[in-house]
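Coordinates as given in query01.csv (CSV, C-alpha atoms and all ligand atoms):
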chain,number,residue,atom,x,y,z
P,187,MET,CA,-31.4,-57.3,-65.7
P,188,PRO,CA,-31.6,-60.3,-68.1
P,189,ILE,CA,-27.8,-60.9,-67.4
P,190,LEU,CA,-28.5,-61.0,-63.7
P,191,CYS,CA,-31.4,-63.4,-64.2
P,192,GLY,CA,-29.2,-65.6,-66.4
P,193,VAL,CA,-26.5,-65.8,-63.7
P,194,LEU,CA,-29.0,-66.4,-60.9
P,195,CYS,CA,-30.4,-69.3,-62.9
P,196,LYS,CA,-26.9,-70.7,-63.5
P,197,ILE,CA,-26.2,-70.5,-59.8
P,198,LEU,CA,-29.4,-72.3,-58.9
P,199,GLU,CA,-28.8,-74.9,-61.6
P,200,ALA,CA,-25.2,-75.5,-60.3
P,201,ARG,CA,-26.3,-75.8,-56.7
P,202,MET,CA,-28.5,-78.7,-57.7
P,203,LYS,CA,-25.6,-80.6,-59.2
P,204,ASP,CA,-23.5,-83.1,-57.2
P,205,GLN,CA,-20.2,-81.9,-58.5
P,206,ILE,CA,-19.2,-78.3,-58.8
P,207,LYS,CA,-16.4,-77.5,-61.3
P,208,ILE,CA,-14.7,-74.1,-61.0
P,209,LEU,CA,-12.4,-72.6,-63.5
P,210,ALA,CA,-9.8,-70.6,-61.6
P,211,ILE,CA,-7.4,-67.9,-62.8
P,212,GLU,CA,-4.3,-66.6,-60.9
P,213,THR,CA,-2.1,-63.8,-62.2
P,214,SER,CA,-1.1,-61.9,-59.0
P,215,CYS,CA,2.6,-61.9,-59.6
P,216,ASP,CA,4.8,-63.7,-62.2
P,217,GLU,CA,2.8,-66.9,-62.8
P,218,THR,CA,0.1,-67.0,-65.4
P,219,ALA,CA,-2.1,-69.9,-64.1
P,220,ALA,CA,-5.4,-71.6,-64.7
P,221,ALA,CA,-7.0,-74.7,-63.2
P,222,VAL,CA,-10.2,-76.6,-63.1
P,223,VAL,CA,-11.1,-77.8,-59.6
P,224,GLN,CA,-14.0,-80.0,-58.6
P,225,ASP,CA,-15.7,-79.6,-55.3
P,226,GLY,CA,-12.9,-77.6,-53.9
P,227,ARG,CA,-10.6,-80.6,-53.4
P,228,GLU,CA,-10.1,-82.5,-56.7
P,229,VAL,CA,-7.7,-80.9,-59.2
P,230,LEU,CA,-8.8,-81.8,-62.8
P,231,SER,CA,-6.1,-79.6,-64.3
P,232,ASN,CA,-3.5,-77.1,-63.1
P,233,VAL,CA,-1.6,-75.2,-65.8
P,234,ILE,CA,1.1,-72.7,-65.0
P,235,PHE,CA,3.2,-70.5,-67.2
P,236,SER,CA,6.1,-69.3,-65.0
P,237,GLN,CA,7.8,-66.1,-66.1
P,238,ILE,CA,10.8,-66.8,-63.8
P,239,ASP,CA,13.2,-67.1,-66.8
P,240,ILE,CA,12.2,-63.7,-68.1
P,241,HIS,CA,12.5,-61.9,-64.7
P,242,GLN,CA,15.8,-63.7,-63.7
P,243,LYS,CA,17.7,-61.3,-66.0
P,244,PHE,CA,16.6,-58.4,-63.8
P,245,GLY,CA,17.1,-60.2,-60.5
P,246,GLY,CA,13.4,-59.9,-59.5
P,247,VAL,CA,9.9,-59.4,-60.9
P,248,VAL,CA,9.5,-56.4,-63.1
P,249,PRO,CA,5.8,-55.5,-62.7
P,250,GLU,CA,5.3,-54.0,-66.2
P,251,VAL,CA,6.9,-57.0,-67.9
P,252,ALA,CA,4.8,-59.4,-65.7
P,253,SER,CA,1.5,-57.7,-66.8
P,254,ARG,CA,2.5,-57.8,-70.5
P,255,LYS,CA,3.3,-61.5,-70.3
P,256,HIS,CA,0.0,-62.3,-68.5
P,257,ILE,CA,-1.8,-60.6,-71.4
P,258,GLU,CA,0.2,-62.6,-73.9
P,259,TYR,CA,-0.4,-66.0,-72.2
P,260,ILE,CA,-3.7,-65.9,-70.3
P,261,ALA,CA,-6.0,-67.1,-73.2
P,262,HIS,CA,-3.7,-70.1,-74.0
P,263,ILE,CA,-3.3,-71.1,-70.4
P,264,VAL,CA,-7.1,-71.0,-69.7
P,265,GLU,CA,-7.7,-73.0,-72.9
P,266,GLU,CA,-5.0,-75.6,-71.9
P,267,ALA,CA,-6.6,-75.9,-68.4
P,268,LEU,CA,-10.0,-76.7,-70.0
P,269,ILE,CA,-8.5,-79.2,-72.4
P,270,GLU,CA,-6.5,-81.0,-69.7
P,271,ALA,CA,-9.6,-81.2,-67.5
P,272,GLU,CA,-11.6,-82.5,-70.5
P,273,CYS,CA,-14.1,-79.8,-69.9
P,274,SER,CA,-16.1,-77.5,-72.2
P,275,LYS,CA,-17.6,-74.2,-71.0
P,276,GLU,CA,-20.9,-76.0,-70.4
P,277,ASP,CA,-19.2,-78.1,-67.7
P,278,ILE,CA,-18.0,-75.1,-65.8
P,279,ASP,CA,-20.2,-73.8,-62.9
P,280,ALA,CA,-18.3,-70.7,-62.0
P,281,ILE,CA,-15.2,-68.6,-62.8
P,282,ALA,CA,-12.9,-67.7,-60.0
P,283,VAL,CA,-10.1,-65.2,-60.0
P,284,THR,CA,-7.5,-63.8,-57.6
P,285,TYR,CA,-8.3,-60.1,-57.1
P,286,GLY,CA,-5.6,-59.3,-54.5
P,287,PRO,CA,-3.2,-58.9,-52.9
P,288,GLY,CA,-0.5,-58.7,-55.6
P,289,LEU,CA,0.8,-56.5,-58.3
P,290,VAL,CA,-1.9,-54.2,-59.6
P,291,GLY,CA,-1.2,-54.5,-63.3
P,292,ALA,CA,-0.8,-58.3,-63.1
P,293,LEU,CA,-4.0,-58.7,-61.1
P,294,LEU,CA,-5.9,-56.6,-63.5
P,295,VAL,CA,-5.2,-59.0,-66.4
P,296,GLY,CA,-6.7,-62.0,-64.5
P,297,VAL,CA,-9.6,-60.0,-63.2
P,298,ALA,CA,-10.5,-58.5,-66.7
P,299,TYR,CA,-10.2,-61.9,-68.3
P,300,ALA,CA,-12.3,-63.7,-65.7
P,301,LYS,CA,-15.0,-60.9,-65.9
P,302,ALA,CA,-15.1,-61.3,-69.7
P,303,LEU,CA,-15.5,-65.1,-69.4
P,304,SER,CA,-18.1,-64.8,-66.8
P,305,PHE,CA,-20.1,-62.3,-69.0
P,306,ALA,CA,-19.6,-64.2,-72.2
P,307,TRP,CA,-20.4,-67.7,-70.8
P,308,ASP,CA,-23.0,-66.4,-68.4
P,309,LYS,CA,-21.4,-68.0,-65.3
P,310,PRO,CA,-21.1,-66.6,-61.8
P,311,LEU,CA,-17.9,-64.9,-60.9
P,312,ILE,CA,-16.0,-65.5,-57.6
P,313,ALA,CA,-13.3,-63.1,-56.2
P,314,VAL,CA,-10.6,-64.9,-54.3
P,315,ASN,CA,-8.1,-63.4,-51.9
P,316,HIS,CA,-4.6,-64.8,-52.8
P,317,LEU,CA,-3.8,-65.6,-49.2
P,318,HIS,CA,-7.0,-67.7,-48.9
P,319,GLY,CA,-5.8,-69.5,-52.0
P,320,HIS,CA,-2.5,-70.3,-50.3
P,321,ILE,CA,-4.3,-71.6,-47.2
P,322,SER,CA,-6.7,-73.7,-49.4
P,323,GLY,CA,-3.8,-75.4,-51.2
P,324,ASN,CA,-3.9,-77.6,-48.1
P,325,PHE,CA,-7.5,-78.6,-48.8
P,326,ILE,CA,-6.3,-80.2,-52.0
P,327,SER,CA,-3.4,-82.1,-50.4
P,328,HIS,CA,-5.3,-83.1,-47.3
P,329,LYS,CA,-8.9,-84.1,-48.2
P,330,GLU,CA,-9.9,-84.5,-44.5
P,331,LEU,CA,-8.6,-81.1,-43.3
P,332,GLU,CA,-11.3,-78.8,-41.9
P,333,PRO,CA,-11.0,-75.6,-39.8
P,334,PRO,CA,-10.4,-74.7,-37.0
P,335,PHE,CA,-6.7,-74.6,-37.4
P,336,LEU,CA,-3.7,-72.2,-37.0
P,337,CYS,CA,-2.1,-71.3,-40.3
P,338,LEU,CA,1.3,-69.8,-41.0
P,339,VAL,CA,1.2,-68.2,-44.4
P,340,VAL,CA,4.7,-67.6,-45.4
P,341,SER,CA,5.5,-66.4,-48.9
P,342,GLY,CA,7.4,-63.8,-50.9
P,343,GLY,CA,4.9,-61.0,-50.0
P,344,HIS,CA,3.5,-62.2,-46.6
P,345,THR,CA,4.3,-63.7,-43.3
P,346,HIS,CA,1.1,-64.0,-41.2
P,347,ILE,CA,-0.2,-66.3,-38.5
P,348,LEU,CA,-3.9,-66.7,-39.0
P,349,GLY,CA,-6.4,-68.3,-36.7
P,350,ILE,CA,-8.8,-70.0,-39.2
P,351,LYS,CA,-12.1,-70.5,-37.4
P,352,ASP,CA,-13.7,-71.1,-40.8
P,353,MET,CA,-12.8,-69.6,-44.1
P,354,TYR,CA,-15.0,-66.6,-43.4
P,355,ASN,CA,-13.9,-66.1,-39.9
P,356,ILE,CA,-10.2,-65.5,-39.9
P,357,GLU,CA,-8.3,-63.8,-37.0
P,358,LEU,CA,-4.9,-62.2,-37.6
P,359,MET,CA,-2.7,-63.4,-34.7
P,360,GLY,CA,0.5,-61.9,-35.9
P,361,GLY,CA,2.6,-60.9,-38.9
P,362,THR,CA,5.9,-59.6,-40.0
P,363,ARG,CA,6.9,-56.1,-38.9
P,364,ASP,CA,9.2,-55.6,-41.9
P,365,ASP,CA,10.2,-58.0,-44.6
P,366,ALA,CA,8.3,-61.2,-45.5
P,367,ALA,CA,10.3,-64.3,-44.9
P,368,GLY,CA,10.4,-65.1,-48.7
P,369,GLU,CA,11.5,-61.6,-49.4
P,370,ALA,CA,14.4,-61.9,-46.9
P,371,PHE,CA,15.4,-65.3,-48.6
P,372,ASP,CA,15.4,-63.6,-52.0
P,373,LYS,CA,17.5,-60.6,-50.8
P,374,ILE,CA,20.1,-62.8,-49.1
P,375,ALA,CA,20.3,-65.0,-52.2
P,376,ARG,CA,20.8,-61.9,-54.3
P,377,SER,CA,23.7,-60.8,-52.1
P,378,LEU,CA,25.3,-64.2,-52.6
P,379,LYS,CA,24.8,-63.7,-56.4
P,380,LEU,CA,22.3,-66.6,-56.6
P,381,PRO,CA,19.5,-66.3,-59.3
P,382,TYR,CA,15.9,-65.2,-58.6
P,383,PRO,CA,13.9,-66.6,-56.9
P,384,GLY,CA,16.4,-67.0,-54.1
P,385,GLY,CA,14.4,-69.1,-51.6
P,386,PRO,CA,14.9,-72.5,-53.4
P,387,GLN,CA,18.6,-71.6,-54.0
P,388,ILE,CA,19.2,-70.9,-50.3
P,389,ASP,CA,17.4,-74.1,-49.5
P,390,ARG,CA,19.6,-76.1,-51.9
P,391,LEU,CA,22.9,-74.4,-50.9
P,392,SER,CA,22.1,-74.8,-47.1
P,393,LYS,CA,22.3,-78.6,-47.5
P,394,LEU,CA,26.0,-78.2,-48.2
P,395,GLY,CA,26.7,-75.7,-45.3
P,396,ASN,CA,27.1,-75.6,-41.5
P,397,LYS,CA,24.0,-73.9,-39.9
P,398,GLU,CA,26.3,-72.7,-37.1
P,399,GLY,CA,29.0,-71.6,-39.5
P,400,VAL,CA,28.2,-67.9,-39.2
P,401,LYS,CA,27.1,-66.3,-35.9
P,402,LEU,CA,23.9,-64.5,-36.4
P,403,PRO,CA,21.4,-63.0,-33.9
P,404,THR,CA,18.4,-64.9,-32.7
P,405,VAL,CA,15.4,-62.5,-33.2
P,406,LYS,CA,12.8,-62.5,-30.4
P,407,LEU,CA,10.5,-59.6,-30.2
P,408,LYS,CA,10.0,-58.5,-26.6
P,409,ASP,CA,6.2,-57.9,-26.3
P,410,GLY,CA,5.2,-61.5,-26.2
P,411,GLY,CA,3.0,-61.2,-29.3
P,412,TYR,CA,3.1,-63.3,-32.4
P,413,ASP,CA,4.9,-60.9,-34.8
P,414,PHE,CA,8.0,-61.6,-36.8
P,415,SER,CA,11.0,-59.5,-37.9
P,416,PHE,CA,13.5,-60.5,-40.5
P,417,SER,CA,15.2,-57.2,-41.5
P,418,GLY,CA,17.7,-57.2,-38.5
P,419,LEU,CA,18.7,-60.7,-39.4
P,420,LYS,CA,19.1,-59.7,-43.1
P,421,SER,CA,21.2,-56.7,-42.1
P,422,SER,CA,23.5,-58.9,-40.0
P,423,VAL,CA,24.1,-61.2,-42.9
P,424,LEU,CA,24.9,-58.2,-45.2
P,425,ASN,CA,27.2,-56.7,-42.6
P,426,TYR,CA,29.0,-60.0,-42.2
P,427,LEU,CA,29.5,-60.3,-46.0
P,428,ASN,CA,30.8,-56.7,-46.2
P,429,GLN,CA,33.2,-57.2,-43.3
P,430,MET,CA,34.6,-60.4,-44.8
P,431,LYS,CA,35.1,-58.7,-48.2
P,432,LEU,CA,36.8,-55.7,-46.6
P,433,LYS,CA,39.2,-58.1,-44.8
P,434,ASN,CA,39.7,-60.0,-48.0
P,435,ASN,CA,38.5,-63.2,-46.2
P,436,GLU,CA,37.0,-66.0,-48.1
P,437,ILE,CA,33.3,-66.4,-47.7
P,438,ASN,CA,31.7,-69.8,-47.4
P,439,ASP,CA,28.4,-69.2,-49.2
P,440,ALA,CA,26.9,-72.5,-48.1
P,441,ASP,CA,27.6,-71.6,-44.4
P,442,VAL,CA,26.0,-68.2,-44.8
P,443,ALA,CA,22.9,-69.7,-46.5
P,444,ALA,CA,22.5,-72.4,-43.9
P,445,SER,CA,23.1,-70.1,-40.9
P,446,PHE,CA,20.6,-67.5,-42.2
P,447,GLN,CA,18.0,-70.1,-43.1
P,448,GLU,CA,18.3,-71.7,-39.7
P,449,LYS,CA,17.5,-68.4,-37.9
P,450,VAL,CA,14.5,-67.7,-40.1
P,451,VAL,CA,13.1,-71.2,-39.7
P,452,LYS,CA,13.6,-71.2,-35.9
P,453,GLN,CA,11.8,-67.8,-35.6
P,454,LEU,CA,8.9,-69.1,-37.7
P,455,LEU,CA,8.8,-72.3,-35.5
P,456,GLU,CA,9.0,-70.6,-32.1
P,457,VAL,CA,6.3,-68.0,-32.8
P,458,THR,CA,3.9,-70.4,-34.4
P,459,ILE,CA,4.2,-73.1,-31.8
P,460,ARG,CA,3.8,-70.6,-29.0
P,461,CYS,CA,0.8,-69.1,-30.7
P,462,ALA,CA,-0.8,-72.6,-31.1
P,463,LYS,CA,-0.1,-73.5,-27.5
P,464,GLU,CA,-1.5,-70.2,-26.0
P,465,ASN,CA,-4.6,-70.2,-28.2
P,466,LYS,CA,-5.3,-73.9,-28.0
P,467,TYR,CA,-5.0,-74.9,-31.6
P,468,ASN,CA,-4.1,-78.5,-32.1
P,469,LYS,CA,-3.8,-78.3,-35.9
P,470,ILE,CA,-1.0,-76.3,-37.5
P,471,VAL,CA,-1.1,-75.6,-41.2
P,472,LEU,CA,1.7,-74.2,-43.3
P,473,ALA,CA,1.1,-72.4,-46.6
P,474,GLY,CA,2.8,-70.2,-49.2
P,475,GLY,CA,6.1,-70.4,-51.1
P,476,VAL,CA,8.4,-70.7,-48.1
P,477,SER,CA,6.4,-73.7,-46.8
P,478,ALA,CA,8.2,-75.6,-49.6
P,479,ASN,CA,11.5,-75.1,-47.7
P,480,THR,CA,13.1,-78.4,-46.7
P,481,ARG,CA,14.3,-77.2,-43.3
P,482,VAL,CA,10.9,-75.5,-42.5
P,483,ARG,CA,9.2,-78.8,-43.1
P,484,GLU,CA,11.8,-80.8,-41.2
P,485,VAL,CA,11.8,-78.6,-38.0
P,486,PHE,CA,8.0,-78.3,-37.9
P,487,LYS,CA,7.6,-82.0,-38.4
P,488,GLU,CA,10.0,-82.8,-35.6
P,489,LYS,CA,8.5,-80.3,-33.2
P,490,CYS,CA,4.9,-81.1,-34.0
P,491,GLN,CA,5.5,-84.8,-33.5
P,492,LYS,CA,7.2,-84.2,-30.2
P,493,GLU,CA,4.5,-81.8,-28.9
P,494,LYS,CA,1.6,-83.7,-30.5
P,495,TYR,CA,0.3,-81.2,-32.9
P,496,ASN,CA,-1.2,-82.3,-36.2
P,497,LEU,CA,0.8,-80.7,-38.9
P,498,TYR,CA,-0.3,-80.1,-42.5
P,499,PHE,CA,1.5,-78.6,-45.5
P,500,PRO,CA,0.7,-78.6,-49.2
P,501,GLU,CA,2.4,-80.8,-51.8
P,502,LEU,CA,5.3,-78.8,-53.3
P,503,LYS,CA,3.3,-77.9,-56.4
P,504,TYR,CA,0.6,-76.2,-54.3
P,505,CYS,CA,3.1,-74.2,-52.1
P,506,THR,CA,4.1,-71.6,-54.7
P,507,ASP,CA,1.6,-69.7,-56.8
P,508,ASN,CA,-0.9,-71.8,-58.8
P,509,ALA,CA,-4.5,-71.6,-59.8
P,510,ALA,CA,-5.7,-74.9,-58.3
P,511,MET,CA,-5.5,-73.3,-54.8
P,512,ILE,CA,-7.6,-70.4,-56.1
P,513,GLY,CA,-10.3,-72.9,-57.3
P,514,ALA,CA,-10.1,-74.6,-53.9
P,515,ALA,CA,-10.7,-71.4,-52.0
P,516,ALA,CA,-13.5,-70.3,-54.4
P,517,TYR,CA,-15.5,-73.4,-53.5
P,518,TYR,CA,-16.1,-71.9,-50.0
P,519,SER,CA,-17.6,-68.8,-51.6
P,520,PHE,CA,-19.7,-70.9,-54.0
P,521,LYS,CA,-21.2,-72.9,-51.2
P,522,LYS,CA,-22.1,-69.6,-49.4
P,523,SER,CA,-23.4,-68.0,-52.6
P,524,ILE,CA,-20.9,-65.2,-52.3
P,525,PHE,CA,-20.4,-63.9,-55.8
P,526,ALA,CA,-18.7,-60.9,-57.4
P,527,ASP,CA,-20.2,-58.8,-60.2
P,528,MET,CA,-18.8,-56.8,-63.1
P,529,LYS,CA,-17.7,-54.0,-60.8
P,530,LEU,CA,-15.0,-56.3,-59.4
P,531,ASN,CA,-11.6,-54.6,-59.5
P,532,ALA,CA,-8.0,-55.6,-58.6
P,533,CYS,CA,-7.2,-54.8,-55.0
P,534,PRO,CA,-3.4,-54.9,-54.6
P,535,GLN,CA,-3.4,-54.2,-50.9
P,536,ILE,CA,-6.3,-56.2,-49.4
P,537,GLY,CA,-4.2,-58.0,-46.8
P,538,HIS,CA,-5.3,-61.3,-45.2
P,539,LEU,CA,-9.0,-60.7,-44.6
P,540,MET,CA,-11.8,-61.8,-46.7
P,541,ILE,CA,-13.5,-58.8,-48.2
P,542,LYS,CA,-16.9,-59.9,-49.1
P,543,PRO,CA,-17.6,-59.1,-52.7
P,544,THR,CA,-21.0,-57.7,-53.8
P,545,LYS,CA,-23.5,-60.5,-53.6
U,601,LIG,O1,3.8,-68.1,-52.5
U,601,LIG,P1,4.7,-67.6,-53.5
U,601,LIG,O2,4.9,-68.4,-54.8
U,601,LIG,O3,4.4,-66.1,-54.0
U,601,LIG,C1,3.9,-65.1,-53.1
U,601,LIG,O4,2.7,-65.1,-52.9
U,601,LIG,O5,4.7,-64.3,-52.6
U,601,LIG,O6,6.1,-67.5,-52.8
U,601,LIG,C2,7.3,-67.1,-53.4
U,601,LIG,C3,8.4,-67.0,-52.4
U,601,LIG,C4,9.7,-66.5,-52.9
U,601,LIG,O7,10.2,-65.5,-52.1
U,601,LIG,C5,10.6,-67.7,-53.0
U,601,LIG,O8,11.9,-67.4,-52.8
U,601,LIG,C6,10.0,-68.4,-51.8
U,601,LIG,O9,8.6,-68.3,-51.8
U,601,LIG,N1,10.3,-69.9,-51.8
U,601,LIG,C7,11.2,-70.5,-51.0
U,601,LIG,C8,11.3,-71.8,-51.4
U,601,LIG,N2,10.5,-72.0,-52.5
U,601,LIG,C9,10.0,-70.8,-52.8
U,601,LIG,N3,11.8,-70.0,-49.9
U,601,LIG,C10,12.6,-70.9,-49.2
U,601,LIG,N4,12.7,-72.2,-49.5
U,601,LIG,C11,12.1,-72.7,-50.6
U,601,LIG,N5,12.3,-74.0,-51.0
U,602,ZN,ZN,1.5,-66.5,-53.5
Once more with this new file: its structure as structure tokens, please.
Ligand code: KG4
Ligand code: ZN
Amino acid sequence: MPILCGVLCKILEARMKDQIKILAIETSCDETAAAVVQDGREVLSNVIFSQIDIHQKFGGVVPEVASRKHIEYIAHIVEEALIEAECSKEDIDAIAVTYGPGLVGALLVGVAYAKALSFAWDKPLIAVNHLHGHISGNFISHKELEPPFLCLVVSGGHTHILGIKDMYNIELMGGTRDDAAGEAFDKIARSLKLPYPGGPQIDRLSKLGNKEGVKLPTVKLKDGGYDFSFSGLKSSVLNYLNQMKLKNNEINDADVAASFQEKVVKQLLEVTIRCAKENKYNKIVLAGGVSANTRVREVFKEKCQKEKYNLYFPELKYCTDNAAMIGAAAYYSFKKSIFADMKLNACPQIGHLMIKPTK
């Protein structure tokens, strides 16, 4: 009971302040990250330890290794985030943490660390859905952006179109029926013997290739909904590569990369624009690792300019996993006084919806 009173007092105290500083932690996959974010939009620090070099040897993220590295680095990264933000624990109003979706062992490290800090420092705890984090990366890069808007969240684990009425009223308009777009990028990159993560490699290589160099199918699902599919496209690329090898023909990797990327990007564009048009959204927001893709940005910019949509995407550093976006998302929960308690657990499969933690 005294703990609860202490936290309630802290919440009341914080709500009286002009500026709210949230210490955010993100460990859902292979980045150990911590940040201090003020009022949901101003990043005071954003520290990331990327494990990419470690996982590259294995061609992808090894969950057990990721968890162990998070344990090794989390305390240092949080400390660095506080130092960089010139904050002590007294300046922090709440601790936010990604609790899902993601790798369960990796999430558990962040959740356990955040709970420990919340308990030891007597600060409220905020549970953040990783996808809400990705969406909120845009609030940092575009200070004026407010819902409602249509958001394409496109990352290594997810490809969703979300109708954001507000951050607590989110409608799933469509999603991938098989692979996430980032996952497809990574798999094709792997088949071209490019290092993990493959998305940036395909992006880079595509600039040297002909996007019509390899004939690939245009995927259009027939039911008129807003879903995506990337596995047929991926199989077509793999079949093409096998056929070429069997015939001892030379493969132009840059053409393969550019042709594949173009089909993915055009599918993302077609479905998103149609969804915006039919549902009368005039703001289109891109989020997640694949929103860093040069061609994605290019074709969305062109189309949105032509059809008069307002387009938003995060700065590159807020596209892929980081903790600043978690701090930005947490601010919405703070304003609504939605806090988690010590029962908070990692939820690897929560999907896109906000699960309201225990108040
Ligand atoms: O958002 P993120 O860091 O992690 C998840 O929540 O999944 O996204 C990582 C994904 C990876 O699949 C990576 O290959 C892809 O985003 N990615 C890209 C680019 N940068 C990252 N895909 C295409 N082009 C890029 N420039
Ligand atoms: Zn992510």
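Atom CA of P:Tyr382 is found 8.6 Å from atom CA of P:Lys243.
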Rank nothing, just name the residue among P:Ile536, P:Ile240, P:Ala473, P:Ala313 nearest to ligand LIG 601 (chain U), using only C-alpha atoms and all ligand atoms. P:Ala473
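The protein and nucleic acid residues lying at most 8 Å from stretch 354-367 of chain P are Val340, Ser341, Gly342, Gly343, His344, Thr345, His346, Ile347, Leu348, Gly411, Tyr412, Asp413, Phe414, Ser415, Phe416, Ser417, Val450, Cys461, Val476, His538, Leu539 and Met540 of chain P, with all atoms listed in the file considered and sequence neighbours fewer than 6 positions away removed.
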Save the residues we just selected, C-alpha atoms, as a short mmCIF file (atom, residue, chain, number, x, y, z; two decimals), in the coordinates of the input?
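Output contents, as saved in again_2.cif:
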data_model
loop_
_atom_site.label_atom_id
_atom_site.label_comp_id
_atom_site.auth_asym_id
_atom_site.auth_seq_id
_atom_site.Cartn_x
_atom_site.Cartn_y
_atom_site.Cartn_z
CA VAL P 340 4.70 -67.60 -45.40
CA SER P 341 5.50 -66.40 -48.90
CA GLY P 342 7.40 -63.80 -50.90
CA GLY P 343 4.90 -61.00 -50.00
CA HIS P 344 3.50 -62.20 -46.60
CA THR P 345 4.30 -63.70 -43.30
CA HIS P 346 1.10 -64.00 -41.20
CA ILE P 347 -0.20 -66.30 -38.50
CA LEU P 348 -3.90 -66.70 -39.00
CA GLY P 411 3.00 -61.20 -29.30
CA TYR P 412 3.10 -63.30 -32.40
CA ASP P 413 4.90 -60.90 -34.80
CA PHE P 414 8.00 -61.60 -36.80
CA SER P 415 11.00 -59.50 -37.90
CA PHE P 416 13.50 -60.50 -40.50
CA SER P 417 15.20 -57.20 -41.50
CA VAL P 450 14.50 -67.70 -40.10
CA CYS P 461 0.80 -69.10 -30.70
CA VAL P 476 8.40 -70.70 -48.10
CA HIS P 538 -5.30 -61.30 -45.20
CA LEU P 539 -9.00 -60.70 -44.60
CA MET P 540 -11.80 -61.80 -46.70
#
Would you give me, as a tab-separated table, each residue of chain P having an atom within 9 Å of an atom of ligand ZN 602 (chain U), along with its shortest atom pair and that distance in Å to one decimal, using all atoms listed in the file and sorting by chain and residue number?
residue	atom	partner	partner_atom	distance
P:Ser214	CA	U:ZN602	ZN	7.6
P:Cys215	CA	U:ZN602	ZN	7.7
P:Pro287	CA	U:ZN602	ZN	9.0
P:Gly288	CA	U:ZN602	ZN	8.3
P:His316	CA	U:ZN602	ZN	6.4
P:Leu317	CA	U:ZN602	ZN	6.9
P:Gly319	CA	U:ZN602	ZN	8.0
P:His320	CA	U:ZN602	ZN	6.4
P:Val340	CA	U:ZN602	ZN	8.8
P:Ser341	CA	U:ZN602	ZN	6.1
P:Gly342	CA	U:ZN602	ZN	7.0
P:Gly343	CA	U:ZN602	ZN	7.4
P:His344	CA	U:ZN602	ZN	8.4
P:Gly474	CA	U:ZN602	ZN	5.8
P:Gly475	CA	U:ZN602	ZN	6.5
P:Cys505	CA	U:ZN602	ZN	8.0
P:Thr506	CA	U:ZN602	ZN	5.8
P:Asp507	CA	U:ZN602	ZN	4.6
P:Asn508	CA	U:ZN602	ZN	7.9
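As for atom C10 of ligand LIG 601 (chain U) and atom CA of P:Asn479, they are spaced 4.6 Å apart.
Closest approach to P:Lys379 from the set P:Gly245, P:Leu268, P:Val405, P:Leu502 is made by P:Gly245, with distances taken over only C-alpha atoms.
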Could you pull out every residue with an atom within 6 Å of (13.0, -66.3, -53.6), file coordinates, counting only C-alpha atoms, and send them as a list in words? Gly368, Phe371, Asp372, Tyr382, Pro383, Gly384 and Gly385 of chain P
Distance of atom CA of P:Lys529 from atom CA of P:Ile257, expressed in Å to one decimal place: 20.2 Å
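You can rank P:Lys255, P:Leu402, P:Asp389, P:Ala510 by their closest distance to P:Ser236 using all atoms listed in the file, and at the top of that list sits P:Lys255.
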Pick out the residues sitting within 8 Å of stretch 324-333 of chain P, and hand them over as a compact mmCIF listing (two decimals) with C-alpha atoms, in the frame of the given file; count all atoms listed in the file, and ignore anything fewer than 5 positions along from it in its own chain.
# COMPACT_ATOMS: atom_id res chain seq x y z
CA GLY P 226 -12.90 -77.60 -53.90
CA ARG P 227 -10.60 -80.60 -53.40
CA GLU P 228 -10.10 -82.50 -56.70
CA VAL P 229 -7.70 -80.90 -59.20
CA ILE P 350 -8.80 -70.00 -39.20
CA LYS P 351 -12.10 -70.50 -37.40
CA ASP P 352 -13.70 -71.10 -40.80
CA MET P 353 -12.80 -69.60 -44.10
CA VAL P 471 -1.10 -75.60 -41.20
CA ALA P 473 1.10 -72.40 -46.60
CA TYR P 498 -0.30 -80.10 -42.50
CA PHE P 499 1.50 -78.60 -45.50
CA PRO P 500 0.70 -78.60 -49.20
CA GLU P 501 2.40 -80.80 -51.80
CA TYR P 504 0.60 -76.20 -54.30
CA MET P 511 -5.50 -73.30 -54.80
CA ALA P 514 -10.10 -74.60 -53.90
Pick out the residues sitting within 7 Å of stretch 465-469 of chain P, and hand them over as a PDB file with C-alpha atoms, in the coordinates of the input; count only C-alpha atoms, and ignore anything fewer than 2 positions along from it in its own chain.
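Generated file (result28.pdb):
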ATOM      1  CA  PHE P 335      -6.700 -74.600 -37.400  1.00  0.00           C
ATOM      2  CA  LEU P 336      -3.700 -72.200 -37.000  1.00  0.00           C
ATOM      3  CA  CYS P 461       0.800 -69.100 -30.700  1.00  0.00           C
ATOM      4  CA  ALA P 462      -0.800 -72.600 -31.100  1.00  0.00           C
ATOM      5  CA  LYS P 463      -0.100 -73.500 -27.500  1.00  0.00           C
ATOM      6  CA  VAL P 471      -1.100 -75.600 -41.200  1.00  0.00           C
ATOM      7  CA  TYR P 495       0.300 -81.200 -32.900  1.00  0.00           C
ATOM      8  CA  ASN P 496      -1.200 -82.300 -36.200  1.00  0.00           C
ATOM      9  CA  LEU P 497       0.800 -80.700 -38.900  1.00  0.00           C
TER      10      LEU P 497
END
